[in-house]
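Please read the structure below before turning to the comments.
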Amino acid sequence: MKDGANRKRSRPPAPHSHPWQRRLLRWFRGHARDLPWRRTRDPYAIWVSEVMLQQTQVATAIPYFHRFLTRFPTVRALAAASLDEVLALWSGLGYYARARNLHAAAQVMATHHAGELPRDLEALRALPGFGPYTAGAVGSIALGLDVPLVDGNVARVLCRIEGWESGAEESRARAWERAGALVVVDEAGDWNQALMELGQAVCTAKAPACGRCPVRPECLAAERGDPATYPLARPRAERRHLRFVALAFFDGPRVLLVRRERKGLFAGLWELPAAEIGPEGQASRVALRVARSFAGMDATVEPAAIVRQTLTHREVTVEPFVVQGRRARPPPQGRFVAPQELASLGLSSLATKTLRAVGICAAGKR
DNA sequence: AACGCGGGGCA
DNA sequence: TGCCCAGCGTT
């Protein structure tokens, strides 16, 4: 059952909600998807889901949500875990700062909030990883506070209803003000989810299904006949290209992995030793130089299949090489890892693909 | 205010 | 392929 959506209400409608808001709430309670985090009222579980859903689609998050809650069922369980284990469960989900902040916030809750989520907006906002959206979402959905939220969906929906002739950035700012005025007292959680669900299922970015929209009579953009043009598009930043060589040093079945630095791209995750090469760099030459610095001057390298990955702001190419030579000396931040250990390490999808290119399959990883 | 940060799904 | 998505932290 969809707990938040279908919960029976004994209260009459809040005094300040408009008829179209009641209509949208009714639509939501009839159309809400049956999602794992809607089957619970555990604030901790709802918090985890909100973090996973940042810039991440529902279908992608679901299996991660189940695994995470099984391994870390409570704030205290998460707080007591090692960061490495948290990152391992996050492996493949992306935006790894989310996992570090989730872990850090759980430790603050364990120490200063009796192992529970603080029940007011200011205290939530003070926690790592709680920005305006997440504080609003956890506050309204998990804790029942009468607070608004704005995400990409809500900004788009309100921009269209109001007919704002503004771009995404400005629409988002205006949406916060409007959303604050629209909060449905005592039902903010369902109301906020209704706005988001409408944006996800009906009022989509490219092809809004106005024929199925419960708010169409109130929508200025629909009335003007061109809702898809709201909010105004802005030019995209160009994607920069990154090239790396990656080296696979073997010691029997084990392979040398190094941990990336704590900041920047793929921070704190494990990968094959790699070196960036410029657009004109000769991969085999750089690979040979790096290989010999680790494994002696008689080392040779054999190229493997090139791996490509597109990120929002980056086009990454990795040219992997298998090294033949005497056993490499692991650098301080590196060690030889057996294949069966890979599942317990934080690996990016790119690192997993690169490992596969040199013949190593990380069980349970894409 | 702008930028860096993953990855998957879909037209 | 280009674009979008239940954003946050740093500079």
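Residue numbering restarts at 1 in every chain; chains get A, B, ... in the order shown in the structure tokens, and ligands count up from 1 in that same order.
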Produce a table with one row for each residue of chain B that has an atom at most 7 Å from any atom of chain A, each row naming the nearest atom pair and its distance in Å at one decimal; use only C-alpha atoms (C1' of nucleotides); arrange rows by chain and rising residue number; format as JSON lines.
```
{"residue": "B:DC5", "atom": "C1'", "partner": "A:Tyr95", "partner_atom": "CA", "distance": 5.7}
{"residue": "B:DG6", "atom": "C1'", "partner": "A:Gly94", "partner_atom": "CA", "distance": 3.8}
{"residue": "B:DG7", "atom": "C1'", "partner": "A:Gly94", "partner_atom": "CA", "distance": 5.9}
```
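For A:Glu170, the list of residues within 10 Å, based on only C-alpha atoms (C1' of nucleotides) and with local chain neighbours fewer than 6 positions off taken out, reads Ala155, Cys159, Trp164, Pro231 and Leu232 of chain A.
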Store the residues picked out above in a file with all heavy atoms, as a PDB file, in the first residue's frame.
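Produced file again-v2.pdb, reproduced below:
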```pdb
ATOM      1  N   ALA A 155      10.144  23.128 -10.062  1.00  0.00           N
ATOM      2  CA  ALA A 155      10.459  24.386 -10.739  1.00  0.00           C
ATOM      3  C   ALA A 155       9.793  24.436 -12.110  1.00  0.00           C
ATOM      4  O   ALA A 155       9.237  25.463 -12.505  1.00  0.00           O
ATOM      5  CB  ALA A 155      11.980  24.535 -10.865  1.00  0.00           C
ATOM      6  N   CYS A 159       6.739  26.927 -13.050  1.00  0.00           N
ATOM      7  CA  CYS A 159       7.068  27.846 -14.143  1.00  0.00           C
ATOM      8  C   CYS A 159       5.982  27.809 -15.212  1.00  0.00           C
ATOM      9  O   CYS A 159       5.564  28.857 -15.737  1.00  0.00           O
ATOM     10  CB  CYS A 159       8.422  27.474 -14.738  1.00  0.00           C
ATOM     11  SG  CYS A 159       8.922  28.487 -16.144  1.00  0.00           S
ATOM     12  N   TRP A 164       5.908  31.791 -16.301  1.00  0.00           N
ATOM     13  CA  TRP A 164       7.091  32.653 -16.164  1.00  0.00           C
ATOM     14  C   TRP A 164       7.944  32.580 -17.423  1.00  0.00           C
ATOM     15  O   TRP A 164       8.341  31.500 -17.865  1.00  0.00           O
ATOM     16  CB  TRP A 164       7.941  32.214 -14.964  1.00  0.00           C
ATOM     17  CG  TRP A 164       7.272  32.391 -13.639  1.00  0.00           C
ATOM     18  CD1 TRP A 164       6.375  33.368 -13.300  1.00  0.00           C
ATOM     19  CD2 TRP A 164       7.435  31.567 -12.476  1.00  0.00           C
ATOM     20  NE1 TRP A 164       5.976  33.203 -11.988  1.00  0.00           N
ATOM     21  CE2 TRP A 164       6.618  32.118 -11.457  1.00  0.00           C
ATOM     22  CE3 TRP A 164       8.198  30.440 -12.179  1.00  0.00           C
ATOM     23  CZ2 TRP A 164       6.535  31.568 -10.186  1.00  0.00           C
ATOM     24  CZ3 TRP A 164       8.125  29.888 -10.918  1.00  0.00           C
ATOM     25  CH2 TRP A 164       7.299  30.451  -9.932  1.00  0.00           C
ATOM     26  N   PRO A 231      10.624  25.906 -18.748  1.00  0.00           N
ATOM     27  CA  PRO A 231      11.298  27.199 -18.752  1.00  0.00           C
ATOM     28  C   PRO A 231      12.193  27.340 -19.973  1.00  0.00           C
ATOM     29  O   PRO A 231      12.536  26.358 -20.615  1.00  0.00           O
ATOM     30  CB  PRO A 231      12.130  27.167 -17.470  1.00  0.00           C
ATOM     31  CG  PRO A 231      12.319  25.730 -17.174  1.00  0.00           C
ATOM     32  CD  PRO A 231      11.146  24.997 -17.735  1.00  0.00           C
ATOM     33  N   LEU A 232      12.561  28.593 -20.258  1.00  0.00           N
ATOM     34  CA  LEU A 232      13.373  28.874 -21.437  1.00  0.00           C
ATOM     35  C   LEU A 232      14.695  28.099 -21.392  1.00  0.00           C
ATOM     36  O   LEU A 232      15.330  28.014 -20.354  1.00  0.00           O
ATOM     37  CB  LEU A 232      13.673  30.381 -21.522  1.00  0.00           C
ATOM     38  CG  LEU A 232      12.619  31.265 -22.179  1.00  0.00           C
ATOM     39  CD1 LEU A 232      11.211  30.893 -21.706  1.00  0.00           C
ATOM     40  CD2 LEU A 232      12.884  32.733 -21.886  1.00  0.00           C
TER      41      LEU A 232
END
```
Taking only C-alpha atoms (C1' of nucleotides) into account, find every residue of chain C that has an atom no more than 9 Å from chain A, and write it out as an mmCIF file with N, CA, C and O atoms (P, O5', C5', C4', C3', O3' and C1' of nucleotides), in the first residue's frame.
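Okay, iface.cif is ready:
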```cif
data_model
loop_
_atom_site.group_PDB
_atom_site.id
_atom_site.type_symbol
_atom_site.label_atom_id
_atom_site.label_comp_id
_atom_site.auth_asym_id
_atom_site.auth_seq_id
_atom_site.Cartn_x
_atom_site.Cartn_y
_atom_site.Cartn_z
ATOM 1 P P DC C 4 17.784 19.359 -21.270
ATOM 2 O "O5'" DC C 4 17.183 18.302 -20.255
ATOM 3 C "C5'" DC C 4 16.090 17.484 -20.665
ATOM 4 C "C4'" DC C 4 15.891 16.432 -19.602
ATOM 5 C "C3'" DC C 4 16.000 16.995 -18.191
ATOM 6 O "O3'" DC C 4 14.792 16.770 -17.479
ATOM 7 C "C1'" DC C 4 17.378 15.062 -18.465
ATOM 8 P P DC C 5 14.598 17.511 -16.101
ATOM 9 O "O5'" DC C 5 14.833 16.310 -15.083
ATOM 10 C "C5'" DC C 5 14.263 15.041 -15.359
ATOM 11 C "C4'" DC C 5 14.893 14.042 -14.425
ATOM 12 C "C3'" DC C 5 15.027 14.560 -12.997
ATOM 13 O "O3'" DC C 5 14.346 13.693 -12.115
ATOM 14 C "C1'" DC C 5 17.095 13.669 -13.783
ATOM 15 P P DA C 6 12.863 14.183 -11.789
ATOM 16 O "O5'" DA C 6 13.421 14.311 -10.325
ATOM 17 C "C5'" DA C 6 12.784 14.302 -9.208
ATOM 18 C "C4'" DA C 6 13.599 14.966 -8.119
ATOM 19 C "C3'" DA C 6 15.008 14.413 -7.911
ATOM 20 O "O3'" DA C 6 15.791 15.410 -7.290
ATOM 21 C "C1'" DA C 6 13.620 13.787 -6.123
ATOM 22 P P DG C 7 16.838 16.316 -8.109
ATOM 23 O "O5'" DG C 7 17.933 16.614 -6.977
ATOM 24 C "C5'" DG C 7 17.838 17.837 -6.195
ATOM 25 C "C4'" DG C 7 18.971 17.762 -5.207
ATOM 26 C "C3'" DG C 7 19.169 19.015 -4.367
ATOM 27 O "O3'" DG C 7 19.576 18.601 -3.080
ATOM 28 C "C1'" DG C 7 21.047 18.663 -5.732
ATOM 29 P P DC C 8 19.980 19.703 -1.986
ATOM 30 O "O5'" DC C 8 21.571 19.557 -1.970
ATOM 31 C "C5'" DC C 8 22.146 18.288 -1.698
ATOM 32 C "C4'" DC C 8 23.642 18.429 -1.526
ATOM 33 C "C3'" DC C 8 24.065 19.591 -0.635
ATOM 34 O "O3'" DC C 8 25.060 19.143 0.260
ATOM 35 C "C1'" DC C 8 25.071 19.788 -2.763
ATOM 36 P P DG C 9 25.668 20.127 1.369
ATOM 37 O "O5'" DG C 9 27.092 20.487 0.755
ATOM 38 C "C5'" DG C 9 27.968 19.430 0.393
ATOM 39 C "C4'" DG C 9 29.262 20.000 -0.127
ATOM 40 C "C3'" DG C 9 29.837 21.143 0.693
ATOM 41 O "O3'" DG C 9 31.233 20.945 0.826
ATOM 42 C "C1'" DG C 9 29.495 21.855 -1.541
#
```
**Prompt:** Between A:Pro332, A:Pro303, A:Gly167, A:Pro19, which has the minimum distance to A:Arg260 (counting only C-alpha atoms)?
**Reply:** A:Pro332
**Message:** Residues of stretch 130-310 of chain A classed as strand (DSSP E) by DSSP on the backbone are to be reported as a ChimeraX atom specification.
**Reply:** /A:240-251,254-259,270-271,274-277,300-303,307-310
Kindly export the residues of the current selection with N, CA, C and O atoms, as a CSV table (one decimal), in the first residue's frame.
```csv
chain,number,residue,atom,x,y,z
A,240,ARG,N,34.3,18.7,-21.8
A,240,ARG,CA,35.7,18.6,-22.0
A,240,ARG,C,36.1,17.2,-22.1
A,240,ARG,O,35.5,16.3,-21.5
A,241,HIS,N,37.2,16.9,-22.9
A,241,HIS,CA,37.7,15.6,-23.1
A,241,HIS,C,38.8,15.3,-22.1
A,241,HIS,O,39.7,16.1,-22.0
A,242,LEU,N,38.8,14.1,-21.5
A,242,LEU,CA,39.9,13.6,-20.7
A,242,LEU,C,40.4,12.3,-21.2
A,242,LEU,O,39.6,11.4,-21.5
A,243,ARG,N,41.7,12.2,-21.3
A,243,ARG,CA,42.3,10.9,-21.7
A,243,ARG,C,43.2,10.3,-20.7
A,243,ARG,O,44.0,11.1,-20.1
A,244,PHE,N,43.1,9.1,-20.4
A,244,PHE,CA,44.0,8.4,-19.4
A,244,PHE,C,44.6,7.1,-20.0
A,244,PHE,O,43.9,6.5,-20.8
A,245,VAL,N,45.8,6.8,-19.5
A,245,VAL,CA,46.2,5.4,-19.7
A,245,VAL,C,46.0,4.8,-18.3
A,245,VAL,O,46.2,5.4,-17.3
A,246,ALA,N,45.7,3.5,-18.2
A,246,ALA,CA,45.5,2.7,-17.0
A,246,ALA,C,46.4,1.5,-17.1
A,246,ALA,O,46.5,0.9,-18.2
A,247,LEU,N,47.1,1.1,-16.0
A,247,LEU,CA,48.0,0.0,-16.0
A,247,LEU,C,47.5,-1.1,-15.1
A,247,LEU,O,47.1,-0.9,-14.0
A,248,ALA,N,47.5,-2.3,-15.7
A,248,ALA,CA,47.1,-3.5,-14.9
A,248,ALA,C,48.4,-4.3,-14.5
A,248,ALA,O,49.0,-5.0,-15.3
A,249,PHE,N,48.8,-4.1,-13.2
A,249,PHE,CA,49.9,-4.9,-12.7
A,249,PHE,C,49.4,-6.1,-12.0
A,249,PHE,O,48.6,-5.9,-11.0
A,250,PHE,N,49.8,-7.3,-12.4
A,250,PHE,CA,49.2,-8.5,-11.7
A,250,PHE,C,50.3,-9.1,-10.8
A,250,PHE,O,51.5,-9.0,-11.0
A,251,ASP,N,49.7,-9.7,-9.7
A,251,ASP,CA,50.6,-10.6,-8.9
A,251,ASP,C,49.8,-11.9,-8.7
A,251,ASP,O,48.9,-12.0,-7.8
A,254,ARG,N,45.9,-11.5,-8.3
A,254,ARG,CA,45.6,-10.2,-7.7
A,254,ARG,C,46.1,-9.1,-8.6
A,254,ARG,O,47.0,-9.2,-9.4
A,255,VAL,N,45.4,-7.9,-8.5
A,255,VAL,CA,45.8,-6.8,-9.4
A,255,VAL,C,46.0,-5.6,-8.5
A,255,VAL,O,45.3,-5.4,-7.5
A,256,LEU,N,46.9,-4.7,-8.9
A,256,LEU,CA,47.2,-3.5,-8.2
A,256,LEU,C,46.2,-2.4,-8.4
A,256,LEU,O,45.9,-2.0,-9.5
A,257,LEU,N,45.6,-2.0,-7.3
A,257,LEU,CA,44.6,-0.9,-7.3
A,257,LEU,C,45.2,0.3,-6.4
A,257,LEU,O,45.9,0.0,-5.4
A,258,VAL,N,44.8,1.5,-6.8
A,258,VAL,CA,45.2,2.6,-6.0
A,258,VAL,C,43.9,3.4,-5.6
A,258,VAL,O,42.9,3.4,-6.4
A,259,ARG,N,44.0,4.1,-4.5
A,259,ARG,CA,42.8,4.9,-4.1
A,259,ARG,C,43.0,6.3,-4.6
A,259,ARG,O,44.1,6.9,-4.4
A,270,TRP,N,38.5,3.5,-5.7
A,270,TRP,CA,39.7,2.7,-6.1
A,270,TRP,C,39.7,2.5,-7.6
A,270,TRP,O,38.6,2.4,-8.3
A,271,GLU,N,40.9,2.4,-8.2
A,271,GLU,CA,41.0,2.2,-9.6
A,271,GLU,C,42.4,1.7,-10.0
A,271,GLU,O,43.3,1.6,-9.2
A,274,ALA,N,46.7,5.1,-12.9
A,274,ALA,CA,46.4,5.8,-14.2
A,274,ALA,C,47.2,7.0,-14.3
A,274,ALA,O,47.7,7.6,-13.3
A,275,ALA,N,47.4,7.5,-15.6
A,275,ALA,CA,48.1,8.8,-15.8
A,275,ALA,C,47.3,9.5,-16.9
A,275,ALA,O,46.9,8.9,-17.9
A,276,GLU,N,47.1,10.8,-16.7
A,276,GLU,CA,46.4,11.5,-17.7
A,276,GLU,C,47.4,11.8,-18.9
A,276,GLU,O,48.5,12.1,-18.7
A,277,ILE,N,46.8,11.8,-20.1
A,277,ILE,CA,47.6,12.1,-21.3
A,277,ILE,C,46.9,13.2,-22.0
A,277,ILE,O,45.6,13.2,-22.1
A,300,THR,N,57.2,-4.7,-19.9
A,300,THR,CA,56.6,-4.4,-21.2
A,300,THR,C,55.1,-4.3,-21.0
A,300,THR,O,54.5,-4.7,-20.0
A,301,VAL,N,54.4,-3.6,-22.0
A,301,VAL,CA,52.9,-3.4,-21.9
A,301,VAL,C,52.2,-3.9,-23.1
A,301,VAL,O,52.7,-3.9,-24.2
A,302,GLU,N,51.0,-4.4,-22.9
A,302,GLU,CA,50.2,-5.0,-23.9
A,302,GLU,C,48.8,-4.2,-23.9
A,302,GLU,O,48.1,-4.2,-22.8
A,303,PRO,N,48.4,-3.6,-25.0
A,303,PRO,CA,47.2,-2.8,-24.9
A,303,PRO,C,45.9,-3.7,-24.8
A,303,PRO,O,45.9,-4.8,-25.4
A,307,VAL,N,38.2,2.1,-23.3
A,307,VAL,CA,37.0,2.2,-22.6
A,307,VAL,C,36.6,3.7,-22.6
A,307,VAL,O,37.4,4.6,-22.4
A,308,ARG,N,35.3,4.0,-22.9
A,308,ARG,CA,34.8,5.3,-23.0
A,308,ARG,C,33.7,5.5,-22.0
A,308,ARG,O,32.8,4.6,-21.8
A,309,GLN,N,33.5,6.7,-21.4
A,309,GLN,CA,32.4,7.0,-20.5
A,309,GLN,C,32.1,8.5,-20.7
A,309,GLN,O,32.9,9.3,-20.6
A,310,THR,N,30.8,8.8,-20.9
A,310,THR,CA,30.4,10.2,-21.0
A,310,THR,C,29.7,10.6,-19.7
A,310,THR,O,28.8,9.9,-19.2
```
**Request:** Please indicate the distance in Å from atom CA of A:Ala179 to atom CA of A:His16, rounded to one decimal place.
**Result:**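 Separation between atom CA of A:Ala179 and atom CA of A:His16: 13.4 Å.
Computed from the coordinates, the atom CA of A:Met297 to atom CA of A:Pro320 distance equals 19.4 Å.
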**Request:** Give me the residues within 10 Å of stretch 225-229 of chain A as a PyMOL selection string, counting only C-alpha atoms (C1' of nucleotides) and dropping any in the same chain fewer than 2 places off.
**Result:** chain A and resi 156-157+159-161+163+165+167+203-210+219-223+231-233
**Request:** Quick one: pull the distance between atom CA of A:Leu198 and atom CA of A:Trp47, Å, one decimal.
**Result:**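 Computed distance, atom CA of A:Leu198 to atom CA of A:Trp47, equals 21.2 Å.
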**Message:** as a PyMOL selection string, please: every residue in stretch 272-342 of chain A that a backbone DSSP assignment puts in alpha helix (DSSP H).
**Reply:** chain A and resi 283-295
Using all heavy atoms, can you write the selected residues to a file as an mmCIF file, in the first residue's frame?
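The resulting file, part15.cif, is reproduced below:
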```
data_model
loop_
_atom_site.group_PDB
_atom_site.id
_atom_site.type_symbol
_atom_site.label_atom_id
_atom_site.label_comp_id
_atom_site.auth_asym_id
_atom_site.auth_seq_id
_atom_site.Cartn_x
_atom_site.Cartn_y
_atom_site.Cartn_z
ATOM 1 N N ALA A 283 49.669 7.013 -26.027
ATOM 2 C CA ALA A 283 49.288 6.189 -24.885
ATOM 3 C C ALA A 283 50.316 5.124 -24.566
ATOM 4 O O ALA A 283 50.715 4.941 -23.414
ATOM 5 C CB ALA A 283 47.927 5.559 -25.155
ATOM 6 N N SER A 284 50.791 4.412 -25.604
ATOM 7 C CA SER A 284 51.687 3.283 -25.336
ATOM 8 C C SER A 284 53.004 3.769 -24.730
ATOM 9 O O SER A 284 53.589 3.101 -23.876
ATOM 10 C CB SER A 284 51.947 2.504 -26.620
ATOM 11 O OG SER A 284 52.503 3.358 -27.599
ATOM 12 N N ARG A 285 53.454 4.941 -25.163
ATOM 13 C CA ARG A 285 54.708 5.469 -24.634
ATOM 14 C C ARG A 285 54.568 5.831 -23.152
ATOM 15 O O ARG A 285 55.405 5.465 -22.325
ATOM 16 C CB ARG A 285 55.119 6.714 -25.425
ATOM 17 C CG ARG A 285 56.526 7.122 -25.130
ATOM 18 C CD ARG A 285 57.305 7.389 -26.381
ATOM 19 N NE ARG A 285 57.204 8.783 -26.788
ATOM 20 C CZ ARG A 285 57.640 9.223 -27.969
ATOM 21 N NH1 ARG A 285 58.127 8.366 -28.854
ATOM 22 N NH2 ARG A 285 57.565 10.485 -28.261
ATOM 23 N N VAL A 286 53.495 6.543 -22.830
ATOM 24 C CA VAL A 286 53.265 6.906 -21.425
ATOM 25 C C VAL A 286 53.079 5.659 -20.581
ATOM 26 O O VAL A 286 53.631 5.532 -19.480
ATOM 27 C CB VAL A 286 52.023 7.818 -21.302
ATOM 28 C CG1 VAL A 286 51.706 8.101 -19.839
ATOM 29 C CG2 VAL A 286 52.251 9.117 -22.066
ATOM 30 N N ALA A 287 52.321 4.693 -21.119
ATOM 31 C CA ALA A 287 52.070 3.458 -20.370
ATOM 32 C C ALA A 287 53.375 2.749 -20.061
ATOM 33 O O ALA A 287 53.588 2.262 -18.935
ATOM 34 C CB ALA A 287 51.141 2.547 -21.173
ATOM 35 N N LEU A 288 54.273 2.696 -21.032
ATOM 36 C CA LEU A 288 55.539 2.005 -20.827
ATOM 37 C C LEU A 288 56.378 2.713 -19.767
ATOM 38 O O LEU A 288 56.992 2.076 -18.907
ATOM 39 C CB LEU A 288 56.308 1.931 -22.155
ATOM 40 C CG LEU A 288 57.468 0.938 -22.191
ATOM 41 C CD1 LEU A 288 56.973 -0.474 -21.889
ATOM 42 C CD2 LEU A 288 58.153 0.974 -23.557
ATOM 43 N N ARG A 289 56.361 4.036 -19.822
ATOM 44 C CA ARG A 289 57.155 4.797 -18.848
ATOM 45 C C ARG A 289 56.647 4.544 -17.430
ATOM 46 O O ARG A 289 57.422 4.267 -16.506
ATOM 47 C CB ARG A 289 57.099 6.286 -19.179
ATOM 48 C CG ARG A 289 58.134 7.096 -18.413
ATOM 49 C CD ARG A 289 58.136 8.553 -18.832
ATOM 50 N NE ARG A 289 56.943 9.266 -18.402
ATOM 51 C CZ ARG A 289 56.146 9.940 -19.226
ATOM 52 N NH1 ARG A 289 56.406 9.968 -20.514
ATOM 53 N NH2 ARG A 289 55.086 10.558 -18.768
ATOM 54 N N VAL A 290 55.317 4.598 -17.259
ATOM 55 C CA VAL A 290 54.738 4.386 -15.926
ATOM 56 C C VAL A 290 54.976 2.948 -15.477
ATOM 57 O O VAL A 290 55.352 2.689 -14.323
ATOM 58 C CB VAL A 290 53.226 4.699 -15.922
ATOM 59 C CG1 VAL A 290 52.617 4.393 -14.561
ATOM 60 C CG2 VAL A 290 52.989 6.157 -16.297
ATOM 61 N N ALA A 291 54.802 2.016 -16.401
ATOM 62 C CA ALA A 291 54.989 0.597 -16.058
ATOM 63 C C ALA A 291 56.408 0.359 -15.541
ATOM 64 O O ALA A 291 56.625 -0.348 -14.552
ATOM 65 C CB ALA A 291 54.722 -0.283 -17.278
ATOM 66 N N ARG A 292 57.405 0.961 -16.205
ATOM 67 C CA ARG A 292 58.801 0.722 -15.814
ATOM 68 C C ARG A 292 59.146 1.426 -14.501
ATOM 69 O O ARG A 292 60.021 0.958 -13.766
ATOM 70 C CB ARG A 292 59.728 1.168 -16.951
ATOM 71 C CG ARG A 292 59.595 0.206 -18.114
ATOM 72 C CD ARG A 292 60.486 0.525 -19.281
ATOM 73 N NE ARG A 292 60.436 -0.600 -20.222
ATOM 74 C CZ ARG A 292 60.962 -0.567 -21.432
ATOM 75 N NH1 ARG A 292 61.573 0.531 -21.875
ATOM 76 N NH2 ARG A 292 60.879 -1.625 -22.221
ATOM 77 N N SER A 293 58.439 2.514 -14.206
ATOM 78 C CA SER A 293 58.711 3.184 -12.934
ATOM 79 C C SER A 293 58.209 2.348 -11.756
ATOM 80 O O SER A 293 58.726 2.455 -10.650
ATOM 81 C CB SER A 293 58.058 4.568 -12.919
ATOM 82 O OG SER A 293 56.667 4.447 -12.707
ATOM 83 N N PHE A 294 57.214 1.504 -12.020
ATOM 84 C CA PHE A 294 56.686 0.660 -10.937
ATOM 85 C C PHE A 294 57.335 -0.723 -10.922
ATOM 86 O O PHE A 294 57.486 -1.317 -9.862
ATOM 87 C CB PHE A 294 55.167 0.462 -11.090
ATOM 88 C CG PHE A 294 54.342 1.599 -10.585
ATOM 89 C CD1 PHE A 294 54.056 2.688 -11.389
ATOM 90 C CD2 PHE A 294 53.818 1.589 -9.297
ATOM 91 C CE1 PHE A 294 53.288 3.740 -10.935
ATOM 92 C CE2 PHE A 294 53.052 2.631 -8.828
ATOM 93 C CZ PHE A 294 52.785 3.717 -9.642
ATOM 94 N N ALA A 295 57.650 -1.247 -12.097
ATOM 95 C CA ALA A 295 58.009 -2.677 -12.176
ATOM 96 C C ALA A 295 59.358 -2.914 -12.849
ATOM 97 O O ALA A 295 59.647 -4.031 -13.275
ATOM 98 C CB ALA A 295 56.914 -3.439 -12.918
#
```
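With only C-alpha atoms (C1' of nucleotides) taken into account, the protein and nucleic acid residues at most 12 Å from C:DT11 (excluding it and anything under 5 positions from it in its own chain) are DA1, DA2, DC3 and DG4 of chain B.
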